[in-house]
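Everything below belongs to work.cif, which stores mmCIF, C-alpha atoms.
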data_upload
#
loop_
_atom_site.label_atom_id
_atom_site.label_comp_id
_atom_site.auth_asym_id
_atom_site.auth_seq_id
_atom_site.Cartn_x
_atom_site.Cartn_y
_atom_site.Cartn_z
CA MET W 21 -15.05 36.19 -37.18
CA ARG W 22 -11.81 34.53 -36.00
CA GLU W 23 -10.32 37.97 -35.48
CA ILE W 24 -13.15 38.98 -33.17
CA TYR W 25 -12.78 35.68 -31.36
CA ARG W 26 -9.06 36.28 -30.72
CA GLN W 27 -9.90 39.76 -29.48
CA GLU W 28 -12.49 38.34 -27.09
CA LEU W 29 -9.98 35.81 -25.76
CA SER W 30 -7.42 38.52 -25.22
CA HIS W 31 -10.04 40.68 -23.51
CA LEU W 32 -10.84 37.76 -21.21
CA GLY W 33 -7.18 37.48 -20.22
CA ASN W 34 -7.06 41.19 -19.41
CA ASP W 35 -10.20 40.93 -17.29
CA LEU W 36 -8.75 38.03 -15.35
CA GLU W 37 -5.59 40.02 -14.73
CA SER W 38 -7.68 42.98 -13.53
CA LEU W 39 -9.57 40.66 -11.21
CA ALA W 40 -6.32 39.40 -9.70
CA LYS W 41 -5.28 43.03 -9.15
CA LEU W 42 -8.56 43.91 -7.43
CA VAL W 43 -8.21 40.89 -5.15
CA ALA W 44 -4.59 41.80 -4.36
CA LYS W 45 -5.75 45.30 -3.41
CA ALA W 46 -8.48 43.84 -1.18
CA LEU W 47 -6.00 41.55 0.57
CA ASP W 48 -3.57 44.42 1.05
CA ARG W 49 -6.26 46.61 2.58
CA ALA W 50 -7.58 43.78 4.75
CA ARG W 51 -4.07 43.14 6.07
CA LEU W 52 -3.56 46.82 6.92
CA ALA W 53 -7.01 47.09 8.47
CA LEU W 54 -6.10 44.13 10.67
CA ALA W 55 -2.56 45.29 11.50
CA GLU W 56 -3.43 48.89 12.28
CA GLN W 57 -7.02 48.69 13.52
CA ASP W 58 -7.97 50.92 10.61
CA LEU W 59 -11.76 51.08 10.50
CA GLU W 60 -11.90 53.05 7.27
CA LEU W 61 -9.74 50.55 5.40
CA ALA W 62 -11.85 47.71 6.78
CA GLU W 63 -15.02 49.40 5.45
CA GLU W 64 -13.36 50.03 2.09
CA THR W 65 -12.37 46.37 1.78
CA ILE W 66 -15.90 45.25 2.57
CA ASP W 67 -17.46 47.73 0.12
CA ALA W 68 -15.01 46.84 -2.66
CA ASP W 69 -16.09 43.20 -2.71
CA ASP W 70 -19.10 43.97 -4.93
CA ARG W 71 -16.79 45.11 -7.71
CA ILE W 72 -14.83 41.87 -7.42
CA ASP W 73 -18.04 39.83 -7.58
CA ASP W 74 -19.27 41.80 -10.60
CA LEU W 75 -16.05 41.35 -12.52
CA ALA W 76 -15.90 37.63 -11.71
CA MET W 77 -19.49 37.33 -12.95
CA ASP W 78 -18.64 39.22 -16.15
CA ILE W 79 -15.75 36.85 -16.79
CA GLU W 80 -17.93 33.84 -16.20
CA GLY W 81 -20.54 35.25 -18.60
CA ALA W 82 -17.87 35.90 -21.22
CA THR W 83 -16.51 32.35 -20.96
CA MET W 84 -20.02 30.96 -21.44
CA HIS W 85 -20.48 33.24 -24.44
CA LEU W 86 -17.23 32.05 -26.00
CA LEU W 87 -18.05 28.40 -25.35
CA ALA W 88 -21.50 28.81 -26.91
CA LEU W 89 -20.52 30.81 -29.98
CA GLN W 90 -17.08 29.50 -30.77
CA ALA W 91 -17.25 25.86 -29.67
CA PRO W 92 -13.52 25.96 -28.97
CA VAL W 93 -11.45 22.79 -28.76
CA ALA W 94 -8.05 21.75 -27.39
CA THR W 95 -5.93 24.67 -26.13
CA ASP W 96 -8.67 27.27 -26.39
CA LEU W 97 -11.16 25.08 -24.56
CA ARG W 98 -8.65 24.58 -21.75
CA LEU W 99 -7.96 28.27 -21.72
CA ILE W 100 -11.62 29.22 -21.50
CA THR W 101 -12.75 26.65 -18.93
CA GLY W 102 -9.55 27.32 -16.97
CA THR W 103 -10.35 31.02 -16.95
CA MET W 104 -13.81 30.23 -15.60
CA ARG W 105 -12.29 28.33 -12.70
CA LEU W 106 -9.59 30.92 -12.01
CA ALA W 107 -12.26 33.62 -11.78
CA GLN W 108 -14.06 31.50 -9.18
CA ASN W 109 -10.90 31.05 -7.11
CA LEU W 110 -10.17 34.77 -7.24
CA GLU W 111 -13.74 35.64 -6.35
CA ARG W 112 -13.52 33.46 -3.24
CA MET W 113 -10.19 35.04 -2.31
CA GLY W 114 -11.94 38.39 -2.47
CA ASP W 115 -14.63 37.04 -0.13
CA MET W 116 -11.93 35.96 2.32
CA ALA W 117 -10.38 39.46 2.27
CA MET W 118 -13.83 40.83 3.05
CA HIS W 119 -14.29 38.36 5.93
CA VAL W 120 -10.91 39.32 7.40
CA ALA W 121 -11.93 42.98 7.21
CA GLN W 122 -15.27 42.17 8.87
CA VAL W 123 -13.49 40.59 11.83
CA ALA W 124 -11.16 43.62 12.08
CA ARG W 125 -14.19 45.94 11.95
CA ALA W 126 -16.08 44.03 14.63
CA ALA W 127 -13.05 44.12 16.94
CA TYR W 128 -12.38 47.84 16.38
CA PRO W 129 -10.95 49.81 18.17
CA GLU W 130 -9.24 46.80 19.76
CA PRO W 131 -6.91 44.58 17.72
CA ALA W 132 -8.70 41.36 16.74
CA THR W 133 -6.12 39.22 18.58
CA PRO W 134 -3.16 39.93 20.89
CA SER W 135 0.15 40.77 19.21
CA GLN W 136 1.69 37.31 19.50
CA ILE W 137 -1.07 35.82 17.33
CA GLN W 138 -1.68 38.98 15.32
CA GLU W 139 1.90 38.81 14.03
CA ILE W 140 1.37 35.34 12.59
CA LEU W 141 -1.91 36.35 10.99
CA ILE W 142 -0.27 39.40 9.41
CA GLN W 143 2.46 37.15 8.03
CA MET W 144 -0.22 34.88 6.57
CA ALA W 145 -1.96 37.89 5.04
CA LYS W 146 1.32 39.10 3.54
CA ARG W 147 1.97 35.72 1.96
CA THR W 148 -1.51 35.58 0.43
CA LEU W 149 -0.92 39.07 -0.99
CA ASP W 150 2.38 37.92 -2.53
CA MET W 151 0.66 34.88 -4.00
CA THR W 152 -2.07 37.03 -5.53
CA LEU W 153 0.36 39.53 -7.04
CA ASP W 154 2.28 36.59 -8.52
CA LEU W 155 -0.99 35.14 -9.85
CA GLY W 156 -1.62 38.40 -11.70
CA THR W 157 1.84 38.14 -13.27
CA VAL W 158 1.43 34.46 -14.16
CA ILE W 159 -1.93 35.12 -15.83
CA LYS W 160 -0.12 37.49 -18.18
CA SER W 161 3.24 35.71 -18.56
CA SER W 162 2.28 32.01 -18.31
CA ASP W 163 5.45 31.57 -16.26
CA ALA W 164 5.19 28.02 -14.89
CA GLU W 165 8.10 28.51 -12.51
CA LEU W 166 6.45 31.48 -10.85
CA ALA W 167 3.22 29.46 -10.66
CA GLN W 168 5.14 26.74 -8.85
CA LYS W 169 6.46 29.36 -6.41
CA ILE W 170 2.85 30.27 -5.58
CA ILE W 171 2.10 26.64 -4.78
CA ASP W 172 5.21 26.39 -2.59
CA THR W 173 4.23 29.54 -0.68
CA ASP W 174 1.02 27.81 0.35
CA ASP W 175 3.09 25.39 2.44
CA GLU W 176 4.40 28.36 4.41
CA ILE W 177 0.85 29.56 4.98
CA ASP W 178 -0.23 26.12 6.17
CA GLU W 179 2.70 26.08 8.60
CA LEU W 180 1.72 29.53 9.92
CA HIS W 181 -1.88 28.33 10.21
CA ARG W 182 -0.81 25.40 12.39
CA LYS W 183 1.34 27.75 14.50
CA ALA W 184 -1.59 30.13 15.01
CA ARG W 185 -3.90 27.26 15.95
CA ARG W 186 -1.41 25.90 18.48
CA LEU W 187 -1.15 29.30 20.15
CA ILE W 188 -4.92 29.77 20.18
CA ARG W 189 -5.37 26.36 21.83
CA ASP W 190 -2.50 26.87 24.30
CA PRO W 191 -3.95 27.60 27.78
CA GLU W 192 -0.69 29.41 28.67
CA VAL W 193 -1.55 32.09 26.11
CA GLU W 194 -4.01 34.49 27.72
CA LEU W 195 -6.93 35.20 25.44
CA THR W 196 -10.42 36.61 25.82
CA ARG W 197 -13.33 34.72 24.31
CA ASP W 198 -13.57 37.18 21.43
CA GLN W 199 -9.86 36.82 20.74
CA ILE W 200 -10.18 33.03 20.60
CA ILE W 201 -13.06 33.33 18.13
CA ASN W 202 -11.34 36.02 16.03
CA GLY W 203 -8.07 34.13 15.86
CA THR W 204 -9.82 30.89 14.89
CA LEU W 205 -11.77 32.57 12.10
CA LEU W 206 -8.94 34.75 10.78
CA SER W 207 -6.51 31.87 10.59
CA ARG W 208 -9.10 29.78 8.76
CA PHE W 209 -9.95 32.58 6.27
CA LEU W 210 -6.30 33.21 5.45
CA GLU W 211 -5.54 29.52 5.11
CA ARG W 212 -8.44 29.24 2.63
CA THR W 213 -7.12 32.23 0.68
CA GLY W 214 -3.78 30.46 0.28
CA ASP W 215 -5.58 27.27 -0.79
CA HIS W 216 -7.47 29.09 -3.52
CA ALA W 217 -4.33 30.83 -4.77
CA SER W 218 -2.50 27.51 -4.83
CA LYS W 219 -5.33 25.78 -6.71
CA ALA W 220 -5.41 28.66 -9.20
CA ALA W 221 -1.65 28.31 -9.74
CA SER W 222 -1.92 24.52 -10.29
CA ARG W 223 -4.65 25.15 -12.81
CA ILE W 224 -2.47 27.62 -14.70
CA ILE W 225 0.40 25.14 -14.79
CA PHE W 226 -1.85 22.55 -16.34
CA MET W 227 -3.20 25.10 -18.78
CA ILE W 228 0.38 25.90 -19.82
CA ARG W 229 1.49 22.28 -20.05
CA GLY W 230 -1.66 21.29 -21.87
CA GLU W 231 -2.65 18.51 -19.52
CA TYR W 232 -6.03 18.64 -17.97
CA VAL W 233 -5.82 17.66 -14.33
CA PRO W 234 -8.82 18.80 -12.33
CA HIS W 235 -8.62 19.27 -8.58
CA MET Y 23 -22.46 9.48 -32.65
CA ARG Y 24 -25.44 11.47 -31.30
CA GLU Y 25 -26.68 8.32 -29.60
CA ILE Y 26 -23.37 7.88 -27.77
CA TYR Y 27 -23.45 11.57 -26.85
CA ARG Y 28 -26.95 11.26 -25.32
CA GLN Y 29 -25.78 8.22 -23.42
CA GLU Y 30 -22.79 10.14 -22.08
CA LEU Y 31 -25.03 13.00 -21.00
CA SER Y 32 -27.34 10.60 -19.22
CA HIS Y 33 -24.35 8.89 -17.60
CA LEU Y 34 -23.18 12.32 -16.38
CA GLY Y 35 -26.57 12.95 -14.74
CA ASN Y 36 -26.40 9.59 -12.98
CA ASP Y 37 -22.90 10.30 -11.71
CA LEU Y 38 -24.00 13.66 -10.36
CA GLU Y 39 -26.89 12.00 -8.56
CA SER Y 40 -24.51 9.41 -7.09
CA LEU Y 41 -22.24 12.22 -5.93
CA ALA Y 42 -25.15 13.92 -4.14
CA LYS Y 43 -25.95 10.60 -2.45
CA LEU Y 44 -22.35 10.11 -1.29
CA VAL Y 45 -22.31 13.64 0.12
CA ALA Y 46 -25.64 13.06 1.88
CA LYS Y 47 -24.21 9.91 3.44
CA ALA Y 48 -21.12 11.83 4.58
CA LEU Y 49 -23.24 14.58 6.15
CA ASP Y 50 -25.43 12.01 7.87
CA ARG Y 51 -22.41 10.22 9.34
CA ALA Y 52 -20.75 13.49 10.35
CA ARG Y 53 -23.92 14.56 12.15
CA LEU Y 54 -24.13 11.25 14.04
CA ALA Y 55 -20.42 11.31 14.85
CA LEU Y 56 -20.95 14.78 16.31
CA ALA Y 57 -24.19 13.99 18.14
CA GLU Y 58 -23.08 10.70 19.67
CA GLN Y 59 -19.30 11.11 20.00
CA ASP Y 60 -18.93 8.15 17.68
CA LEU Y 61 -15.25 7.86 16.82
CA GLU Y 62 -15.73 5.09 14.27
CA LEU Y 63 -18.30 7.09 12.30
CA ALA Y 64 -16.03 10.13 12.39
CA GLU Y 65 -13.18 8.06 10.93
CA GLU Y 66 -15.48 6.62 8.27
CA THR Y 67 -16.63 10.08 7.23
CA ILE Y 68 -13.04 11.26 6.93
CA ASP Y 69 -11.95 8.17 4.96
CA ALA Y 70 -14.97 8.36 2.61
CA ASP Y 71 -14.02 11.83 1.37
CA ASP Y 72 -11.52 10.41 -1.13
CA ARG Y 73 -14.33 8.66 -2.96
CA ILE Y 74 -16.28 11.90 -3.16
CA ASP Y 75 -13.24 13.74 -4.51
CA ASP Y 76 -12.61 11.00 -7.08
CA LEU Y 77 -16.18 11.01 -8.34
CA ALA Y 78 -16.25 14.83 -8.54
CA MET Y 79 -13.01 14.69 -10.52
CA ASP Y 80 -14.45 12.04 -12.86
CA ILE Y 81 -17.48 14.23 -13.48
CA GLU Y 82 -15.30 17.24 -14.22
CA GLY Y 83 -13.22 15.16 -16.62
CA ALA Y 84 -16.37 13.91 -18.36
CA THR Y 85 -17.75 17.45 -18.78
CA MET Y 86 -14.45 18.55 -20.35
CA HIS Y 87 -14.56 15.53 -22.64
CA LEU Y 88 -18.11 16.36 -23.75
CA LEU Y 89 -17.26 20.02 -24.30
CA ALA Y 90 -14.21 19.11 -26.37
CA LEU Y 91 -15.73 16.40 -28.51
CA GLN Y 92 -19.31 17.56 -28.89
CA ALA Y 93 -19.01 21.34 -28.86
CA PRO Y 94 -22.52 21.55 -27.38
CA VAL Y 95 -24.60 24.71 -27.60
CA ALA Y 96 -27.65 26.17 -25.88
CA THR Y 97 -29.37 23.77 -23.45
CA ASP Y 98 -26.68 21.11 -23.59
CA LEU Y 99 -23.92 23.64 -22.99
CA ARG Y 100 -25.77 24.94 -19.94
CA LEU Y 101 -26.36 21.41 -18.76
CA ILE Y 102 -22.72 20.43 -19.09
CA THR Y 103 -21.15 23.57 -17.60
CA GLY Y 104 -23.84 23.55 -14.89
CA THR Y 105 -22.96 19.96 -14.05
CA MET Y 106 -19.32 20.96 -13.75
CA ARG Y 107 -20.25 23.61 -11.18
CA LEU Y 108 -22.66 21.38 -9.28
CA ALA Y 109 -19.94 18.76 -8.91
CA GLN Y 110 -17.69 21.44 -7.40
CA ASN Y 111 -20.36 22.52 -4.91
CA LEU Y 112 -21.00 18.91 -3.89
CA GLU Y 113 -17.29 18.21 -3.58
CA ARG Y 114 -16.92 21.16 -1.17
CA MET Y 115 -19.94 19.97 0.82
CA GLY Y 116 -18.15 16.64 1.19
CA ASP Y 117 -15.09 18.49 2.47
CA MET Y 118 -17.24 20.26 5.05
CA ALA Y 119 -18.66 16.93 6.26
CA MET Y 120 -15.08 15.71 6.64
CA HIS Y 121 -14.11 18.84 8.60
CA VAL Y 122 -17.07 18.40 10.95
CA ALA Y 123 -16.01 14.79 11.51
CA GLN Y 124 -12.42 15.92 12.17
CA VAL Y 125 -13.59 18.27 14.92
CA ALA Y 126 -15.71 15.49 16.44
CA ARG Y 127 -12.73 13.13 16.31
CA ALA Y 128 -10.36 15.63 17.92
CA ALA Y 129 -12.83 16.25 20.76
CA TYR Y 130 -13.50 12.53 21.36
CA PRO Y 131 -14.47 11.15 23.89
CA GLU Y 132 -15.89 14.55 24.92
CA PRO Y 133 -18.65 16.20 22.89
CA ALA Y 134 -17.21 18.98 20.74
CA THR Y 135 -19.40 21.61 22.44
CA PRO Y 136 -21.80 21.63 25.42
CA SER Y 137 -25.35 20.47 24.77
CA GLN Y 138 -26.89 23.93 24.43
CA ILE Y 139 -24.68 24.71 21.42
CA GLN Y 140 -24.42 21.12 20.25
CA GLU Y 141 -28.21 21.03 19.73
CA ILE Y 142 -28.09 23.97 17.34
CA LEU Y 143 -25.19 22.49 15.41
CA ILE Y 144 -27.02 19.17 15.09
CA GLN Y 145 -30.05 21.05 13.77
CA MET Y 146 -27.82 22.77 11.22
CA ALA Y 147 -26.34 19.42 10.21
CA LYS Y 148 -29.84 17.95 9.81
CA ARG Y 149 -30.90 20.81 7.55
CA THR Y 150 -27.82 20.43 5.35
CA LEU Y 151 -28.60 16.72 5.07
CA ASP Y 152 -32.19 17.51 4.01
CA MET Y 153 -30.90 20.00 1.45
CA THR Y 154 -28.48 17.44 0.02
CA LEU Y 155 -31.11 14.70 -0.22
CA ASP Y 156 -33.38 17.19 -2.00
CA LEU Y 157 -30.51 18.15 -4.32
CA GLY Y 158 -30.18 14.49 -5.32
CA THR Y 159 -33.90 14.44 -6.14
CA VAL Y 160 -33.80 17.72 -8.05
CA ILE Y 161 -30.82 16.56 -10.14
CA LYS Y 162 -33.03 13.70 -11.35
CA SER Y 163 -36.43 15.41 -11.48
CA SER Y 164 -35.55 19.01 -12.43
CA ASP Y 165 -38.23 20.06 -9.97
CA ALA Y 166 -37.79 23.84 -9.68
CA GLU Y 167 -40.13 24.08 -6.69
CA LEU Y 168 -38.08 21.63 -4.69
CA ALA Y 169 -34.93 23.51 -5.73
CA GLN Y 170 -36.51 26.68 -4.34
CA LYS Y 171 -37.24 24.85 -1.08
CA ILE Y 172 -33.51 24.07 -0.80
CA ILE Y 173 -32.71 27.77 -1.18
CA ASP Y 174 -35.29 28.67 1.47
CA THR Y 175 -33.86 26.12 3.89
CA ASP Y 176 -30.54 27.96 3.73
CA ASP Y 177 -32.20 30.91 5.50
CA GLU Y 178 -32.97 28.61 8.43
CA ILE Y 179 -29.35 27.50 8.52
CA ASP Y 180 -28.14 31.10 8.50
CA GLU Y 181 -30.48 31.88 11.39
CA LEU Y 182 -29.17 28.87 13.35
CA HIS Y 183 -25.61 29.99 12.55
CA ARG Y 184 -26.30 33.43 14.04
CA LYS Y 185 -27.87 31.81 17.09
CA ALA Y 186 -24.84 29.54 17.60
CA ARG Y 187 -22.47 32.49 17.23
CA ARG Y 188 -24.41 34.55 19.76
CA LEU Y 189 -24.21 31.72 22.31
CA ILE Y 190 -20.50 31.16 21.66
CA ARG Y 191 -19.83 34.88 22.22
CA ASP Y 192 -22.08 35.12 25.27
CA PRO Y 193 -19.91 35.32 28.43
CA GLU Y 194 -22.86 33.91 30.43
CA VAL Y 195 -22.50 30.63 28.56
CA GLU Y 196 -19.68 28.67 30.21
CA LEU Y 197 -17.27 27.29 27.64
CA THR Y 198 -13.75 25.94 27.66
CA ARG Y 199 -11.28 27.28 25.13
CA ASP Y 200 -11.58 24.13 23.01
CA GLN Y 201 -15.36 24.39 23.03
CA ILE Y 202 -15.20 28.00 21.83
CA ILE Y 203 -12.88 26.97 18.97
CA ASN Y 204 -14.92 23.86 18.08
CA GLY Y 205 -18.21 25.75 18.11
CA THR Y 206 -16.81 28.55 15.96
CA LEU Y 207 -15.44 26.13 13.37
CA LEU Y 208 -18.41 23.76 13.31
CA SER Y 209 -20.91 26.57 12.88
CA ARG Y 210 -18.82 28.00 10.04
CA PHE Y 211 -18.44 24.62 8.28
CA LEU Y 212 -22.16 23.91 8.44
CA GLU Y 213 -23.08 27.40 7.29
CA ARG Y 214 -20.78 26.93 4.28
CA THR Y 215 -22.39 23.56 3.53
CA GLY Y 216 -25.77 25.27 3.37
CA ASP Y 217 -24.33 28.00 1.13
CA HIS Y 218 -23.00 25.46 -1.35
CA ALA Y 219 -26.30 23.55 -1.40
CA SER Y 220 -28.19 26.79 -1.96
CA LYS Y 221 -25.85 27.86 -4.78
CA ALA Y 222 -26.22 24.43 -6.37
CA ALA Y 223 -30.02 24.74 -6.18
CA SER Y 224 -29.97 28.23 -7.77
CA ARG Y 225 -27.81 26.87 -10.53
CA ILE Y 226 -30.26 24.05 -11.19
CA ILE Y 227 -33.16 26.52 -11.35
CA PHE Y 228 -31.33 28.54 -13.96
CA MET Y 229 -30.45 25.37 -15.86
CA ILE Y 230 -34.15 24.46 -15.90
CA ARG Y 231 -35.36 27.91 -16.84
CA GLY Y 232 -32.68 28.32 -19.45
CA GLU Y 233 -31.36 31.61 -18.19
CA TYR Y 234 -27.71 31.86 -17.41
CA VAL Y 235 -27.21 33.75 -14.18
CA PRO Y 236 -23.87 33.04 -12.57
CA HIS Y 237 -23.30 33.59 -8.85
#

Structure re-expressed in structure tokens:
Amino acid sequence: MREIYRQELSHLGNDLESLAKLVAKALDRARLALAEQDLELAEETIDADDRIDDLAMDIEGATMHLLALQAPVATDLRLITGTMRLAQNLERMGDMAMHVAQVARAAYPEPATPSQIQEILIQMAKRTLDMTLDLGTVIKSSDAELAQKIIDTDDEIDELHRKARRLIRDPEVELTRDQIINGTLLSRFLERTGDHASKAASRIIFMIRGEYVPH
Amino acid sequence: MREIYRQELSHLGNDLESLAKLVAKALDRARLALAEQDLELAEETIDADDRIDDLAMDIEGATMHLLALQAPVATDLRLITGTMRLAQNLERMGDMAMHVAQVARAAYPEPATPSQIQEILIQMAKRTLDMTLDLGTVIKSSDAELAQKIIDTDDEIDELHRKARRLIRDPEVELTRDQIINGTLLSRFLERTGDHASKAASRIIFMIRGEYVPH
């Protein structure tokens, strides 16, 4: 029985790592769709979100199963409830990638925003991709230092977010109505992606250190 | 021991109900701050968010405590993990109320958007308030019909969201750059509030019916 339980726990860790990889792929595609007005990539990102949702749901189901059958305590309980929360963060990050792709698709064949703002958004998208790739590594390695790096990267994203917002509000920067709307939404979606990655990283740190500090 | 456990469970339900009430109050204030350019109410809404965050964190801590010490199964497990998720939804709804108030504050003394769009946003805010008040009732009464009503109301909010977006994109509707940005953000925040309320209501239905169906 304990052997099966350990196998299930290990399986759960693998699933979470796979989820992080799917989300990283979605963010990478969304970024390219945005940067290169690539309609096909935008469609692929949007279509791929179902798989992310399904896997997140499977993980949540598995955590409930483990809680119900194994009544874990201490470290295992933290591990299992932490996994539940991490899956939620990753699922929302996948949603954000989809939303970014939806904006890129709606703007096609035009870029969603002019290059001055587009460049900042692409930088934000790159940072969220880095964070997500690092999350995948941290899920496997429990490397608290790398988790801290993820949290620090979120400060860069917030700074880029403020920069994008300033430009969008600046009357000197010529923008069409659609560009104002697109820029506002894209910057918000990417800022939220960074938030979720940062929250996920904090959660992992507390799982490693054994303190339970909810957000 | 069981007696203390039942008391803790009951305490948890009361806290969740209090959280729903705090969020309802925040949404009510945010709506008024928006509708009447009331700077003081906007500030109050923003300041009150800390209390919402603290209570949500207390509830999460209490659910972890119950899981660790009581190793609940079946109905109680669903109740406790469901409560954890409901607290998260309510906490995010509180954040959205704060964001709405922040937009109202930044626009002060002007209205955030012109009256044609403002009216739709106020309607959205009213619906999210209704949903939240109903959530508070459902948390206490486990009334599945009322929970279903909350889910149905979200369709109205989504329809209002589409209507607001159409107006904001419509070149015939005269808008300043700030009004375009404010309208885009406010409509998004209120749509998300409705989403969270609807997810919370679905979760309650599944808690009542005893099926576990994650989002």

Could you list, with a cut-off of 6 Å and counting only C-alpha atoms, the residues of chain Y near chain W, each shown with its nearest atom pair and the distance in Å rounded to one decimal, rows sorted by chain and ascending number, as JSON lines?
{"residue": "Y:Ala90", "atom": "CA", "partner": "W:Val93", "partner_atom": "CA", "distance": 5.2}
{"residue": "Y:Ala93", "atom": "CA", "partner": "W:Ala91", "partner_atom": "CA", "distance": 4.9}
{"residue": "Y:Val95", "atom": "CA", "partner": "W:Ala88", "partner_atom": "CA", "distance": 5.2}

Q.
Report, in Å to a single decimal, how far apart atom CA of Y:Gly216 and atom CA of Y:Thr150 are.
A.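 Those two atoms sit 5.6 Å apart.
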
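Here atom CA of Y:Gln145 stands at a distance of 12.2 Å from atom CA of Y:Asp176.
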
Q. Hey, which of W:Lys160, W:Arg182, W:Arg229, W:Arg49 ends up closest to W:Leu61? Count all atoms listed in the file.
A. W:Arg49

Q. Which residue, W:Met144, W:Ala127, W:Met227, W:Leu29, has the smallest gap to W:Asp215 when you use only C-alpha atoms?
A.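 Answer, going by the shortest atom-to-atom distance: W:Met144.
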